[in-house]
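What follows is one structure encoded as structure tokens, with my remarks underneath.
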There are 2 protein chains.
Amino acid sequence: MNPDALRGHMDALLLSVLEREPLHGYAIIEALLERSGGALNVPTGTVYPALRRLERIGYLSSEWATVGGRKRRTYRLTDSGRKHLEGERSAWREFATVIGGVLRAEAAEVSAARAANG
Amino acid sequence: MNPDALRGHMDALLLSVLEREPLHGYAIIEALLERSGGALNVPTGTVYPALRRLERIGYLSSEWATVGGRKRRTYRLTDSGRKHLEGERSAWREFATVIGGVLRAEAAEVSAARAANG
DNA sequence: TATCTACATATAGCCAGCCTACATGTAGAC
DNA sequence: GTCTACATGTAGGCTGGCTATATGTAGATA
């Protein structure tokens, strides 16, 4: 997965994973890996700063917890974040439709042209 | 359309538009606008540098032409570029499947949970 | 004549954000 | 005592899409 491709979609991914239940950073990374069938192995250097950014904006809130002698910062979706996620989802749908449409349109036209000419 | 979202997908778009026929920069911008139903209005400051980059890599070749007193630099897909486009297309399909899958999975689970609980 | 719009290309420099690389520490297995 | 998994974090790099600007032609319109 080309890192650049994730630009602008990371937020949706993170908020989405937190939609069901609060999770800490490490668990979020594992959840993304699992839910993507192993395709999305996001480095900690991406996730932790992104979570802080999302908290700063107000889409997430966090609190510390100690589980089994380990400290975790657990992130939770705020109302604002939940609302924002809806927007991200529809933005994604439009994005995928537009890009996919342009890419497919060309392929279809080319094969149609080849069929017509050949 | 959030600019950041285009990161890493611009190349595929440009190569795709040039698949059928050679075009000059301005025409490429118009083609993207048209083929996306008006959604993709890419600024010249994005397209021209990107075309030069793609030519430098070897995916495109260009030549100058004068049409109606105006100078145009016409870009054409090279064999290498055509091959690369195939890769871009399958990369896009995987990307869209993965991201879309994660986003949809969450939405589905949440509504399933809501249905189950309420 | 001047001005405006569409056509057409180009570059400098900004900036967001994802990444690599590294630092730090605990728990449990071996 | 060493290794791996768990867990969080930051500094700094890099890339590439963007804004803003410069330059110039052609044709319409006032």
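Each chain in the structure tokens gets a letter, A, B, ..., in the order shown, and its residues are numbered from 1; ligands are numbered from 1 in order too.
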
Next item on the list: Using only C-alpha atoms (C1' of nucleotides), determine which residues of chain C fall within 9 Å of chain B; present them as a PyMOL selection string.
Entry: chain C and resi 7-11+16-17

Next item on the list: From the DSSP assignment of the backbone, select every residue of chain A that is alpha helix (DSSP H), and format the answer as number ranges by chain.
Entry: A: 3-6, 10-17, 25-35, 44-57, 79-117

Notebook entry, point to check: Mind listing as a count of residues only which residues of chain B are within 12 Å of chain D, counting only C-alpha atoms (C1' of nucleotides)?
Noted result: 27

Next item on the list: Would you give me, as number ranges by chain, the residues of chain B that come within 7 Å of chain A, using only C-alpha atoms?
Entry: B: 4-5, 7-9, 13, 16-17, 19-20, 35-36, 96, 98, 102-103, 106, 110

Atoms to include: N, CA and C atoms. Write the selected residues as a PDB file, in the first residue's frame.
ATOM      1  N   ASP B   4      -5.840  16.704  -0.436  1.00  0.00           N
ATOM      2  CA  ASP B   4      -4.985  15.659   0.123  1.00  0.00           C
ATOM      3  C   ASP B   4      -5.407  14.279  -0.338  1.00  0.00           C
ATOM      4  N   ALA B   5      -6.683  14.132  -0.584  1.00  0.00           N
ATOM      5  CA  ALA B   5      -7.200  12.832  -0.988  1.00  0.00           C
ATOM      6  C   ALA B   5      -6.626  12.395  -2.340  1.00  0.00           C
ATOM      7  N   ARG B   7      -3.600  12.831  -3.322  1.00  0.00           N
ATOM      8  CA  ARG B   7      -2.215  12.385  -3.194  1.00  0.00           C
ATOM      9  C   ARG B   7      -2.064  10.908  -3.516  1.00  0.00           C
ATOM     10  N   GLY B   8      -1.196  10.635  -4.480  1.00  0.00           N
ATOM     11  CA  GLY B   8      -0.943   9.248  -4.825  1.00  0.00           C
ATOM     12  C   GLY B   8      -1.904   8.694  -5.858  1.00  0.00           C
ATOM     13  N   HIS B   9      -2.884   9.508  -6.265  1.00  0.00           N
ATOM     14  CA  HIS B   9      -3.827   9.028  -7.272  1.00  0.00           C
ATOM     15  C   HIS B   9      -3.773   9.864  -8.547  1.00  0.00           C
ATOM     16  N   LEU B  13      -4.748   9.082 -12.685  1.00  0.00           N
ATOM     17  CA  LEU B  13      -5.723   9.916 -13.386  1.00  0.00           C
ATOM     18  C   LEU B  13      -5.143  10.457 -14.694  1.00  0.00           C
ATOM     19  N   SER B  16      -4.369   7.750 -17.211  1.00  0.00           N
ATOM     20  CA  SER B  16      -5.627   7.180 -17.685  1.00  0.00           C
ATOM     21  C   SER B  16      -6.251   8.038 -18.786  1.00  0.00           C
ATOM     22  N   VAL B  17      -6.212   9.351 -18.565  1.00  0.00           N
ATOM     23  CA  VAL B  17      -6.800  10.269 -19.547  1.00  0.00           C
ATOM     24  C   VAL B  17      -6.023  10.232 -20.859  1.00  0.00           C
ATOM     25  N   GLU B  19      -4.653   7.618 -22.081  1.00  0.00           N
ATOM     26  CA  GLU B  19      -4.628   6.259 -22.613  1.00  0.00           C
ATOM     27  C   GLU B  19      -5.154   6.182 -24.043  1.00  0.00           C
ATOM     28  N   ARG B  20      -6.223   6.899 -24.282  1.00  0.00           N
ATOM     29  CA  ARG B  20      -6.852   6.833 -25.599  1.00  0.00           C
ATOM     30  C   ARG B  20      -6.106   7.620 -26.657  1.00  0.00           C
ATOM     31  N   ARG B  35     -14.892  14.151 -17.501  1.00  0.00           N
ATOM     32  CA  ARG B  35     -15.077  12.724 -17.210  1.00  0.00           C
ATOM     33  C   ARG B  35     -15.460  12.458 -15.757  1.00  0.00           C
ATOM     34  N   SER B  36     -15.274  13.463 -14.915  1.00  0.00           N
ATOM     35  CA  SER B  36     -15.630  13.288 -13.504  1.00  0.00           C
ATOM     36  C   SER B  36     -16.971  13.953 -13.208  1.00  0.00           C
ATOM     37  N   ALA B  96      -9.278   0.923  -2.998  1.00  0.00           N
ATOM     38  CA  ALA B  96     -10.703   1.224  -2.812  1.00  0.00           C
ATOM     39  C   ALA B  96     -11.403   0.104  -2.045  1.00  0.00           C
ATOM     40  N   VAL B  98      -9.986  -1.997   0.121  1.00  0.00           N
ATOM     41  CA  VAL B  98      -9.518  -2.012   1.502  1.00  0.00           C
ATOM     42  C   VAL B  98     -10.143  -0.878   2.318  1.00  0.00           C
ATOM     43  N   VAL B 102     -13.073  -1.269   5.202  1.00  0.00           N
ATOM     44  CA  VAL B 102     -12.939  -0.876   6.608  1.00  0.00           C
ATOM     45  C   VAL B 102     -14.058   0.088   7.000  1.00  0.00           C
ATOM     46  N   LEU B 103     -14.317   1.078   6.161  1.00  0.00           N
ATOM     47  CA  LEU B 103     -15.363   2.050   6.485  1.00  0.00           C
ATOM     48  C   LEU B 103     -16.742   1.392   6.533  1.00  0.00           C
ATOM     49  N   GLU B 106     -17.351  -1.079   9.608  1.00  0.00           N
ATOM     50  CA  GLU B 106     -17.705  -0.421  10.861  1.00  0.00           C
ATOM     51  C   GLU B 106     -19.149   0.013  10.861  1.00  0.00           C
ATOM     52  N   VAL B 110     -21.962  -1.380  13.441  1.00  0.00           N
ATOM     53  CA  VAL B 110     -22.650  -0.478  14.338  1.00  0.00           C
ATOM     54  C   VAL B 110     -24.157  -0.582  14.164  1.00  0.00           C
TER      55      VAL B 110
END

Notebook entry, point to check: atom CA of Glu63 of chain A and atom CA of Leu77 of chain A, how far apart in Å?
Noted result: 11.9 Å

Next item on the list: Give the strand (DSSP E) residues of chain A, as DSSP finds them on the backbone, and put them as a VMD selection string.
Entry: chain A and resid 23 to 24 60 to 67 70 to 77

Margin query: Quick check, in Å to one decimal: how far apart do atom CA of Ile57 of chain B and atom C1' of DA21 of chain C lie?
Written below: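 These two atoms are separated by 28.4 Å.
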
Checklist line | Between atom CA of Gly81 of chain B and atom CA of Ser61 of chain B - distance in Å to one decimal | finding: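 A separation of 9.4 Å between them.
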